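Let me begin by presenting the structure, written as structure tokens, before commenting on it.
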Amino acid sequence: MAVLDAKLARDLWRTKSQLGAIVLVIACGTGLFLGMRATMRSLEAAQRGYYAAERFGHVFAQATRAPEQVAEHLRRIPGVEAVQTRVIGDVTVDVPEMIEAASARLVSIPDRGEPLVDGYRLRSGRPPDPLRDDEALASEPFAEAHALRLGTRLPVVLDGRRRLLRIVGTALAPEFTYSVPPGALLPDDRRFGILWMRRRALAPAFDLDGAFNDVGLRVAPGASVGAVKAAVDRELARYGGLGAYGRDEQPSHAFLQSELDQLRTFGSVVPMLFLAVAAFLLSIVLGRIVTAQREPIAVLKALGRSDAEIGLHYAKLAGVVVGAGTVVGVLVAVWLGDTMCRLYLDYYRFPELPFRLAPGELWLAIGLTFVAAALGTFGAIRRTVRLEPAAAMRPQSPAVYRPTLIERIGLSGRLPHAVRAILRELERRPGRAAMSILGVAMSTSLVVMSSFVFEAFDLSMQLQFGLERRDAMQLTLAQPRDLGALASLEQLPGVRRAEPVRIVPVRFRSGSAHRNGVLTGLPVDGTLQRVLDADTRVIPIPADGIVLSRRLAWILGVAPGDTVEVDVLDGARPRLQLTIARLAETWVGLSAWVSLEALGRALGEAPTLNVALLDVDAAHRAELHRAAKDTPLVQGVAERSATLVAYRRMVDENLGRSTLINLSFALVLALGVLYNTARVTADERARELASLRVLGFTKGEVATLLLGELALLTALGLPLGLLLGRLSVTAMADNLATDQFRIPDIVAPRTFALAALTVIAATVVAAWAARRRVDRLDLIEVLKAHD
């Protein structure tokens with residue numbers, strides 16, 4: 001075996017560049033599989049631990065004003081383990097160093113003890129003193145964004161009065177893992193935070209002494225969450241209940257679950273592509289080595305080496321490559337997982353998110369890698385074992401070339417000789433050509449899929465804040481007001497135009513299907529918020545009837561002309577029967593639109609507003625923000641430019657980095673396929689290429705045969721890859737769609753261009769390596785072989 005091991009070392013050194021490329025492809029596949037699965041498991045473990053430690057609820061509900069005695073009725077619901085009532089309200093925060101107004105959500109905590117449901121994790125300081133009504137905990141991201149220290153006094157507009165709250169600690173909570181300001185799409189820690197106060201200090205400010213407007217429930221294992229939600233709705237209906245919902249509709253949990261689903265999908269499909277390509281590359285490289293070593297194999301067998309020893313020798317070669325690729329892949333997985341966990345920790349605020357590489361995941365990745373390698377090398381090793389010494393001593397039968405399909409149909413006269421030679425070579429080995437084309441296609445589709453997310457977010461923001469929303473600022477009012485309040489808002493500095501909007505919580509029904517959502521009343525002649533169809537055309541708000549979002553219509557199974565039931569979860573809580581006029585395309589939430597006047601009639605009141613959209617003179621922006629801070633009517637401010645800045649920051653810090661990583665993996669995949677294809681072809685045709693050189697062909701003319709083959713493989717693989725990428729994007733968009741957020745199923749031309757350029761760059765590198773191989777051909781060494 002020492003002799004065979006020495007031969008193994010020589011074989012590895014001789015083919016180091018080809019095997020090195022395979023090692024990189026295996027490392028990418030193993031690293032992606034292991035890194036993403038381990039990241040997913042780390043996120044799930046952090047989520048489970050955090051939820052359990054802080055008693056995150058299973059069912060949530062809000063009401064207008066429910067007496068505290070109702071909590072006892074909720075505890076008696078079958079399957080309910082614990083109930084925690086709270087007082088919650090949004091306020092304006094006057095952060096000294098900010099021109100614009102920030103907003104905060106005030107959340108009550110029990111005067112004694114810890115919350116039974118929906119607790120918090122104290123990060124610094126201490127809880128508020130139950131005997132003081134001016135102390136609060138601040139959410140850690142908000143405190144960090146403003147460098148709030150313990151003892152800082154924070155001005156808030158509470159109960160129409162300016163009050164100073166003393167920050168005595170910082171905290172995090174599972175329900176605010178992904179915390180989005182009202183009226184915004186993305187987290188913004190500078191403009192939105194959470195403040196926890198004792199119940200006795202907070203309740204009087206919202207006129208909720210002895211009452212609550214928010215409740216969380218924990219459900220016993222095995223109990224029906226649906227039955228508990230229905231029972232909660234029945235109990236809270238008379239107190240302005242807004243509809244109970246489960247974790248699947250809780251915003252923070254829903255966004256985190258969507259991220260986990262994306263990791264699960266991407267981390268399962270993409271690594272398998274890499275391992276399949278690695279198996280193919282091992283097959284052709286090892287097959288070439290076996291073909292080139294027919295005579296040494298025959299000699300070894302003639303000298304007494306058994307078939308098992310010979311087979312084991314070549315299995316060792318594959319094992320070394322797979323082992324090296326796996327080791328590098330584990331290192332890639334650790335780096336990738338640690339990077340992703342740190343990125344997620346900035347985005348989803350967990351107390352901690354350590355990257356853990358479980359032994360079970362490691363062994364699964366190793367097992368899959370070696371299984372893929374075994375499938376790829378089985379054929380070559382079997383040919384080695386079955387090779388008879390006498391047959392191996394004879395030269396291999398020369399390749400049989402036949403007219404190509406193009407030649408058979410009479411088009412050969414129009415093709416140059418080099419092109420005909422390239423086509424004959426590809427047709428002689430259709431399996432290898434097909435796998436090479438598929439490898440190029442996989443690389444191309446991977447770039448399309450990874451870049452699509454960036455482009456889709458960009459497009460959704462352009463649609464949301466370029467075509468749909470045309471206001472500069474959105475003011476949320478503390479209570480619905482009559483349209484006369486609009487005149488006072490128009491008097492604020494810099495306001496050129498103001499439009500009223502009324503948003504009410506509702507439950508949409510059609511047959512057995514139902515969903516909670518919002519019904520938005522817009523003025524029929526409004527211009528600051530528009531509703532668009534799938535072709536981005538403006539849909540006029542009908543005087544009667546309702547416009548549904550396409551997603552909501554799909555959930556309810558309705559179409560234009562059908563009637564949908566709308567249970568209003570506010571005020572007198574009427575049940576409406578509305579005819580669907582049109583379907584709109586929107587990417588956030590489950591929405592529907594009616595005219596402001598029609599909504600007022602349905603609610604049995606004059607038209608009112610609880611949101612005002614403002615067209616603002618940018619020169620007076622600072623004055624307007626100062627005025628909004630001092631206006632008790634205003635509960636929250638959302639500025640379009642601030643949302644776009646937050647989006648751009650998220651793209652630069654997160655999506656851009658993820659896209660660059662995926663591009664690197666795609667480049668490695670394409671380079672591995674094309675480089676090994678070129679090297680194997682060059683080795684197999686070395687005598688042919690050397691003969692052409694002896695006959696007087698130049699190096700460039702000889703290299704054309706190899707480079708033309710690479711170019712043709714790329715030209716065939718690129719369109720297929722773009723098509724696969726487009727189909728994968730549609731599948732991803734459908735898979736990742738949730739009631740809270742959807743990704744547009746649109747691929748921008750620059751995404752296709754980036755995918756093509758990435759693969760062409762890999763082709764250029766592989767072509768450069770192939771040209772060097774041709775230029776360095778030792779004509780004497782190649783041609784002295786015996787036939």
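Chain labels follow the order of the structure tokens: the first chain is A, the next B, and so on; residue numbering restarts at 1 in every chain, and ligands are counted from 1 in their shown order.
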Which residues are near segment 123-125 of chain A? Cut-off 6 Å, only C-alpha atoms, ignore same chain within fewer than 3 positions. Put them as a PyMOL selection string. chain A and resi 168-171
Which polymer residues have any atom within 8 Å of an atom of segment 134-139 of chain A, counting only C-alpha atoms, with same-chain residues fewer than 2 positions away left out, as an MDAnalysis selection string? chainID A and resid 127:129 132 141:143 164:172 193:198 201
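Using only C-alpha atoms for every distance, the candidate list A:Leu710, A:Ala434, A:Ile743, A:Ala358 yields A:Ile743 as the residue closest to Leu463 of chain A.
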Write out as number ranges by chain which residues come within 12 Å of Ser641 of chain A when counting only C-alpha atoms, dropping same-chain ones fewer than 5 positions away. A: 100, 184, 461, 465-466, 469-474, 616, 618, 621, 646-648
For Gly216 of chain A: contacts at 12 Å, only C-alpha atoms, fewer than 2 positions along chain excluded, given as a short mmCIF file (atom, residue, chain, number, x, y, z; two decimals) with all heavy atoms, in the first residue's frame:
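Wrote it out as out22.cif, contents follow:
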```cif
data_model
loop_
_atom_site.label_atom_id
_atom_site.label_comp_id
_atom_site.auth_asym_id
_atom_site.auth_seq_id
_atom_site.Cartn_x
_atom_site.Cartn_y
_atom_site.Cartn_z
N ARG A 55 -42.16 34.17 28.82
CA ARG A 55 -43.57 33.79 28.81
C ARG A 55 -44.35 34.47 27.68
O ARG A 55 -45.42 35.08 27.90
CB ARG A 55 -44.20 34.11 30.18
CG ARG A 55 -43.50 33.41 31.33
CD ARG A 55 -43.90 33.94 32.68
NE ARG A 55 -43.54 35.34 32.87
CZ ARG A 55 -42.31 35.78 33.16
NH1 ARG A 55 -41.31 34.91 33.28
NH2 ARG A 55 -42.06 37.07 33.32
N PHE A 56 -43.81 34.38 26.48
CA PHE A 56 -44.45 34.97 25.31
C PHE A 56 -45.80 34.31 25.08
O PHE A 56 -45.93 33.08 25.13
CB PHE A 56 -43.55 34.81 24.10
CG PHE A 56 -44.04 35.51 22.86
CD1 PHE A 56 -44.49 36.82 22.91
CD2 PHE A 56 -44.04 34.86 21.64
CE1 PHE A 56 -44.93 37.47 21.77
CE2 PHE A 56 -44.46 35.51 20.49
CZ PHE A 56 -44.91 36.82 20.57
N GLY A 57 -46.81 35.11 24.81
CA GLY A 57 -48.17 34.60 24.70
C GLY A 57 -48.42 33.80 23.43
O GLY A 57 -47.65 33.83 22.48
N HIS A 58 -49.55 33.09 23.46
CA HIS A 58 -50.01 32.35 22.28
C HIS A 58 -51.18 33.05 21.60
O HIS A 58 -51.40 32.88 20.41
CB HIS A 58 -50.45 30.93 22.66
CG HIS A 58 -49.36 30.10 23.26
ND1 HIS A 58 -49.20 29.90 24.61
CD2 HIS A 58 -48.34 29.42 22.66
CE1 HIS A 58 -48.16 29.13 24.83
NE2 HIS A 58 -47.61 28.83 23.68
N VAL A 59 -51.96 33.83 22.39
CA VAL A 59 -53.12 34.55 21.87
C VAL A 59 -53.05 35.98 22.39
O VAL A 59 -52.69 36.22 23.55
CB VAL A 59 -54.44 33.88 22.31
CG1 VAL A 59 -55.64 34.71 21.86
CG2 VAL A 59 -54.54 32.47 21.74
N PHE A 60 -53.40 36.93 21.52
CA PHE A 60 -53.32 38.35 21.86
C PHE A 60 -54.62 39.02 21.42
O PHE A 60 -55.23 38.61 20.44
CB PHE A 60 -52.14 39.02 21.15
CG PHE A 60 -50.86 38.23 21.24
CD1 PHE A 60 -50.57 37.24 20.30
CD2 PHE A 60 -49.96 38.45 22.26
CE1 PHE A 60 -49.41 36.50 20.38
CE2 PHE A 60 -48.80 37.72 22.36
CZ PHE A 60 -48.52 36.74 21.42
N ALA A 61 -54.99 40.05 22.15
CA ALA A 61 -56.22 40.78 21.78
C ALA A 61 -56.14 42.19 22.34
O ALA A 61 -55.50 42.45 23.36
CB ALA A 61 -57.46 40.05 22.31
N GLN A 62 -56.83 43.10 21.64
CA GLN A 62 -56.96 44.48 22.11
C GLN A 62 -58.45 44.82 22.20
O GLN A 62 -59.28 44.21 21.52
CB GLN A 62 -56.27 45.46 21.15
CG GLN A 62 -54.75 45.44 21.21
CD GLN A 62 -54.15 44.27 20.47
OE1 GLN A 62 -54.56 43.95 19.36
NE2 GLN A 62 -53.18 43.61 21.09
N ALA A 63 -58.74 45.77 23.06
CA ALA A 63 -60.12 46.23 23.23
C ALA A 63 -60.10 47.72 23.48
O ALA A 63 -59.04 48.30 23.77
CB ALA A 63 -60.79 45.49 24.38
N ALA A 71 -61.01 39.73 33.01
CA ALA A 71 -59.83 38.85 33.02
C ALA A 71 -60.15 37.50 33.66
O ALA A 71 -59.62 36.46 33.23
CB ALA A 71 -58.67 39.53 33.74
N LEU A 74 -61.74 35.34 31.16
CA LEU A 74 -60.76 34.83 30.21
C LEU A 74 -59.96 33.67 30.81
O LEU A 74 -59.61 32.72 30.09
CB LEU A 74 -59.81 35.96 29.80
CG LEU A 74 -60.44 37.16 29.07
CD1 LEU A 74 -59.39 38.23 28.80
CD2 LEU A 74 -61.08 36.71 27.76
N ARG A 75 -59.71 33.71 32.12
CA ARG A 75 -58.95 32.62 32.76
C ARG A 75 -59.75 31.32 32.77
O ARG A 75 -59.16 30.24 32.87
CB ARG A 75 -58.57 33.02 34.18
CG ARG A 75 -57.56 34.15 34.26
CD ARG A 75 -57.09 34.40 35.70
NE ARG A 75 -56.20 35.55 35.73
CZ ARG A 75 -56.57 36.79 36.02
NH1 ARG A 75 -57.85 37.05 36.31
NH2 ARG A 75 -55.70 37.78 36.02
N VAL A 80 -56.71 27.68 28.67
CA VAL A 80 -55.92 28.87 29.00
C VAL A 80 -55.10 28.60 30.26
O VAL A 80 -55.67 28.20 31.30
CB VAL A 80 -56.82 30.11 29.19
CG1 VAL A 80 -56.02 31.29 29.74
CG2 VAL A 80 -57.45 30.48 27.86
N GLU A 81 -53.81 28.81 30.19
CA GLU A 81 -52.92 28.61 31.33
C GLU A 81 -52.74 29.88 32.15
O GLU A 81 -52.68 29.84 33.38
CB GLU A 81 -51.53 28.14 30.86
CG GLU A 81 -51.41 26.69 30.59
CD GLU A 81 -49.98 26.28 30.33
OE1 GLU A 81 -49.18 27.13 29.90
OE2 GLU A 81 -49.65 25.10 30.59
N ALA A 82 -52.57 31.02 31.46
CA ALA A 82 -52.30 32.27 32.16
C ALA A 82 -52.85 33.43 31.36
O ALA A 82 -52.92 33.37 30.12
CB ALA A 82 -50.80 32.45 32.39
N VAL A 83 -53.22 34.51 32.05
CA VAL A 83 -53.76 35.71 31.43
C VAL A 83 -53.06 36.91 32.04
O VAL A 83 -52.85 36.97 33.25
CB VAL A 83 -55.29 35.83 31.66
CG1 VAL A 83 -55.82 37.16 31.13
CG2 VAL A 83 -56.02 34.68 31.00
N GLN A 84 -52.67 37.87 31.17
CA GLN A 84 -52.10 39.12 31.66
C GLN A 84 -52.76 40.28 30.95
O GLN A 84 -52.66 40.41 29.73
CB GLN A 84 -50.59 39.17 31.42
CG GLN A 84 -49.91 40.41 31.95
CD GLN A 84 -49.98 40.50 33.47
OE1 GLN A 84 -49.46 39.63 34.16
NE2 GLN A 84 -50.65 41.53 33.98
N THR A 85 -53.47 41.12 31.71
CA THR A 85 -54.07 42.31 31.12
C THR A 85 -53.08 43.47 31.22
O THR A 85 -52.25 43.52 32.13
CB THR A 85 -55.37 42.68 31.85
OG1 THR A 85 -55.07 42.95 33.23
CG2 THR A 85 -56.37 41.54 31.76
N ARG A 86 -53.20 44.41 30.29
CA ARG A 86 -52.27 45.53 30.26
C ARG A 86 -52.97 46.78 29.75
O ARG A 86 -54.06 46.72 29.17
CB ARG A 86 -51.08 45.23 29.34
CG ARG A 86 -50.27 44.03 29.72
CD ARG A 86 -49.02 43.89 28.87
NE ARG A 86 -49.30 43.73 27.46
CZ ARG A 86 -48.36 43.50 26.53
NH1 ARG A 86 -47.09 43.42 26.88
NH2 ARG A 86 -48.69 43.38 25.26
N VAL A 87 -52.28 47.89 29.94
CA VAL A 87 -52.66 49.15 29.32
C VAL A 87 -51.55 49.53 28.35
O VAL A 87 -50.36 49.54 28.72
CB VAL A 87 -52.84 50.26 30.38
CG1 VAL A 87 -53.04 51.62 29.70
CG2 VAL A 87 -54.00 49.94 31.30
N ILE A 88 -51.92 49.81 27.11
CA ILE A 88 -50.95 50.14 26.07
C ILE A 88 -51.43 51.39 25.33
O ILE A 88 -52.63 51.53 25.06
CB ILE A 88 -50.76 48.96 25.09
CG1 ILE A 88 -49.99 47.83 25.76
CG2 ILE A 88 -50.03 49.40 23.82
CD1 ILE A 88 -49.71 46.65 24.86
N PRO A 115 -44.78 40.02 34.90
CA PRO A 115 -45.94 39.69 34.06
C PRO A 115 -46.09 38.18 33.90
O PRO A 115 -45.10 37.46 33.73
CB PRO A 115 -45.61 40.35 32.72
CG PRO A 115 -44.59 41.40 33.05
CD PRO A 115 -43.81 40.87 34.20
N LEU A 116 -47.33 37.71 33.98
CA LEU A 116 -47.58 36.28 33.78
C LEU A 116 -47.46 35.89 32.31
O LEU A 116 -47.19 34.74 31.97
CB LEU A 116 -48.98 35.92 34.30
CG LEU A 116 -49.22 36.16 35.80
CD1 LEU A 116 -50.67 35.84 36.15
CD2 LEU A 116 -48.26 35.33 36.64
N VAL A 117 -47.71 36.85 31.43
CA VAL A 117 -47.61 36.64 29.99
C VAL A 117 -46.93 37.87 29.39
O VAL A 117 -47.11 38.99 29.89
CB VAL A 117 -49.02 36.47 29.35
CG1 VAL A 117 -48.90 36.20 27.84
CG2 VAL A 117 -49.79 35.34 30.03
N ASP A 118 -46.13 37.65 28.35
CA ASP A 118 -45.46 38.74 27.64
C ASP A 118 -44.59 39.57 28.59
O ASP A 118 -44.79 40.76 28.79
CB ASP A 118 -46.47 39.66 26.94
CG ASP A 118 -47.22 38.94 25.83
OD1 ASP A 118 -46.65 37.99 25.27
OD2 ASP A 118 -48.37 39.31 25.54
N GLY A 119 -43.60 38.89 29.17
CA GLY A 119 -42.67 39.56 30.05
C GLY A 119 -41.59 40.29 29.29
O GLY A 119 -41.61 40.41 28.06
N GLU A 175 -42.20 40.21 22.13
CA GLU A 175 -43.22 40.78 21.24
C GLU A 175 -42.71 41.97 20.45
O GLU A 175 -43.36 42.41 19.50
CB GLU A 175 -44.44 41.21 22.05
CG GLU A 175 -44.15 42.26 23.09
CD GLU A 175 -45.35 42.57 23.96
OE1 GLU A 175 -46.44 42.78 23.40
OE2 GLU A 175 -45.18 42.58 25.19
N PHE A 212 -58.62 47.54 31.15
CA PHE A 212 -57.46 47.24 30.30
C PHE A 212 -57.87 47.40 28.85
O PHE A 212 -59.06 47.38 28.50
CB PHE A 212 -56.93 45.84 30.58
CG PHE A 212 -57.88 44.72 30.24
CD1 PHE A 212 -57.89 44.14 28.97
CD2 PHE A 212 -58.77 44.24 31.19
CE1 PHE A 212 -58.76 43.11 28.66
CE2 PHE A 212 -59.66 43.21 30.89
CZ PHE A 212 -59.66 42.64 29.62
N ASN A 213 -56.85 47.56 27.98
CA ASN A 213 -57.12 47.61 26.54
C ASN A 213 -56.25 46.64 25.76
O ASN A 213 -56.24 46.65 24.53
CB ASN A 213 -56.94 49.03 25.99
CG ASN A 213 -55.52 49.54 26.15
OD1 ASN A 213 -54.64 48.85 26.68
ND2 ASN A 213 -55.27 50.76 25.69
N ASP A 214 -55.52 45.77 26.49
CA ASP A 214 -54.66 44.78 25.82
C ASP A 214 -54.55 43.57 26.75
O ASP A 214 -54.48 43.72 27.98
CB ASP A 214 -53.28 45.37 25.56
CG ASP A 214 -52.37 44.40 24.82
OD1 ASP A 214 -51.69 43.59 25.49
OD2 ASP A 214 -52.35 44.43 23.58
N ARG A 218 -51.55 32.66 27.55
CA ARG A 218 -50.78 31.46 27.24
C ARG A 218 -51.71 30.26 27.24
O ARG A 218 -52.59 30.14 28.11
CB ARG A 218 -49.64 31.26 28.24
CG ARG A 218 -48.51 32.26 28.03
CD ARG A 218 -47.33 31.97 28.96
NE ARG A 218 -46.73 30.67 28.73
CZ ARG A 218 -45.85 30.41 27.77
NH1 ARG A 218 -45.48 31.38 26.93
NH2 ARG A 218 -45.35 29.21 27.63
N VAL A 219 -51.52 29.40 26.26
CA VAL A 219 -52.43 28.27 26.05
C VAL A 219 -51.70 26.98 26.43
O VAL A 219 -50.51 26.81 26.13
CB VAL A 219 -52.90 28.23 24.57
CG1 VAL A 219 -53.77 27.01 24.32
CG2 VAL A 219 -53.65 29.50 24.23
N VAL A 228 -59.62 29.04 21.61
CA VAL A 228 -59.35 30.09 22.59
C VAL A 228 -59.58 31.47 21.97
O VAL A 228 -60.17 32.36 22.60
CB VAL A 228 -57.92 29.96 23.14
CG1 VAL A 228 -57.55 31.16 24.00
CG2 VAL A 228 -57.76 28.67 23.95
N LYS A 229 -59.13 31.67 20.72
CA LYS A 229 -59.36 32.97 20.06
C LYS A 229 -60.84 33.27 19.94
O LYS A 229 -61.27 34.41 20.17
CB LYS A 229 -58.68 32.97 18.68
CG LYS A 229 -57.17 32.98 18.72
CD LYS A 229 -56.57 33.31 17.36
CE LYS A 229 -56.89 32.28 16.33
NZ LYS A 229 -56.23 32.57 15.03
N VAL A 232 -62.17 34.30 23.32
CA VAL A 232 -61.73 35.65 23.68
C VAL A 232 -62.54 36.69 22.92
O VAL A 232 -62.95 37.71 23.49
CB VAL A 232 -60.22 35.81 23.39
CG1 VAL A 232 -59.78 37.27 23.54
CG2 VAL A 232 -59.40 34.93 24.32
N ALA A 244 -59.19 38.72 18.37
CA ALA A 244 -58.03 38.00 18.89
C ALA A 244 -57.22 37.40 17.75
O ALA A 244 -57.76 37.07 16.69
CB ALA A 244 -58.49 36.90 19.84
N TYR A 245 -55.94 37.26 17.97
CA TYR A 245 -55.06 36.66 16.95
C TYR A 245 -53.97 35.86 17.63
O TYR A 245 -53.66 36.05 18.82
CB TYR A 245 -54.46 37.74 16.04
CG TYR A 245 -53.73 38.85 16.78
CD1 TYR A 245 -52.35 38.78 17.00
CD2 TYR A 245 -54.41 39.96 17.24
CE1 TYR A 245 -51.69 39.80 17.67
CE2 TYR A 245 -53.76 40.98 17.90
CZ TYR A 245 -52.40 40.90 18.12
OH TYR A 245 -51.74 41.89 18.78
N GLY A 246 -53.40 34.93 16.89
CA GLY A 246 -52.37 34.06 17.43
C GLY A 246 -50.98 34.54 17.07
O GLY A 246 -50.79 35.62 16.49
N ARG A 247 -49.99 33.73 17.43
CA ARG A 247 -48.60 34.10 17.14
C ARG A 247 -48.36 34.29 15.65
O ARG A 247 -47.55 35.10 15.25
CB ARG A 247 -47.66 33.02 17.66
CG ARG A 247 -47.41 33.06 19.15
CD ARG A 247 -46.37 32.03 19.54
NE ARG A 247 -46.12 32.05 20.98
CZ ARG A 247 -45.29 31.22 21.59
NH1 ARG A 247 -44.63 30.30 20.88
NH2 ARG A 247 -45.10 31.29 22.89
N GLN A 250 -48.95 37.78 14.97
CA GLN A 250 -48.23 38.77 15.79
C GLN A 250 -47.04 39.27 14.98
O GLN A 250 -46.23 38.47 14.50
CB GLN A 250 -47.76 38.10 17.09
CG GLN A 250 -47.51 39.05 18.23
CD GLN A 250 -46.13 39.70 18.17
OE1 GLN A 250 -45.20 39.15 17.59
NE2 GLN A 250 -45.99 40.86 18.78
#
```
Using only C-alpha atoms, the shortest atom-to-atom distance to Arg537 of chain A among A:Asp562, A:Glu388, A:Asp739, A:Glu585 belongs to A:Glu585
Separation of atom CA of Gln47 of chain A from atom CA of Val332 of chain A, in Å and rounded to one decimal: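 Between these atoms lies a distance of 24.3 Å.
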Contact table segment 614-668 of chain A vs segment 483-489 of chain A, cut-off 12 Å, shortest pair per residue, only C-alpha atoms, as a Markdown table:
```
| residue | atom | partner | partner_atom | distance |
| --- | --- | --- | --- | --- |
| A:Leu614 | CA | A:Leu489 | CA | 8.7 |
| A:Asp615 | CA | A:Leu489 | CA | 11.3 |
| A:Val616 | CA | A:Leu489 | CA | 11.5 |
| A:Leu624 | CA | A:Leu489 | CA | 10.2 |
| A:Ala627 | CA | A:Leu489 | CA | 10.0 |
| A:Ala628 | CA | A:Leu489 | CA | 9.2 |
| A:Thr631 | CA | A:Leu489 | CA | 9.4 |
| A:Pro632 | CA | A:Leu489 | CA | 11.7 |
| A:Leu633 | CA | A:Ala485 | CA | 9.0 |
| A:Val634 | CA | A:Leu489 | CA | 9.4 |
```
Choose the residue, out of A:Arg573, A:Asp745, A:Ala766, A:Arg191, that has the smallest atom-to-atom separation from Ile99 of chain A; count only C-alpha atoms. A:Arg191
Hey, which of A:Gln464, A:Ser306, A:Ser512, A:Ser103 ends up closest to Val637 of chain A? Count only C-alpha atoms.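 Of A:Gln464, A:Ser306, A:Ser512, A:Ser103, the one nearest Val637 of chain A, counting only C-alpha atoms, is A:Ser103.
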Closest of A:Val371, A:Val320, A:Leu674, A:Met732 to Lys16 of chain A - atom-to-atom distances counting only C-alpha atoms: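 Of the candidates, the smallest distance to Lys16 of chain A is held by A:Val320.
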Show which residues sit within 9 Å of Phe508 of chain A, as an NGL selection string. Count only C-alpha atoms, and ignore same-chain residues fewer than 5 positions away. :A and (513-518 or 552 or 556 or 564-568)
Residue neighbourhood Arg200 of chain A, 8 Å, only C-alpha atoms, exclusion window fewer than 4 positions, as a PyMOL selection string: chain A and resi 111+130+133+204+209
Pro389 of chain A: which residues within 8 Å, counting only C-alpha atoms, same-chain residues fewer than 5 positions away excluded, as a ChimeraX atom specification? /A:297-299,301-302
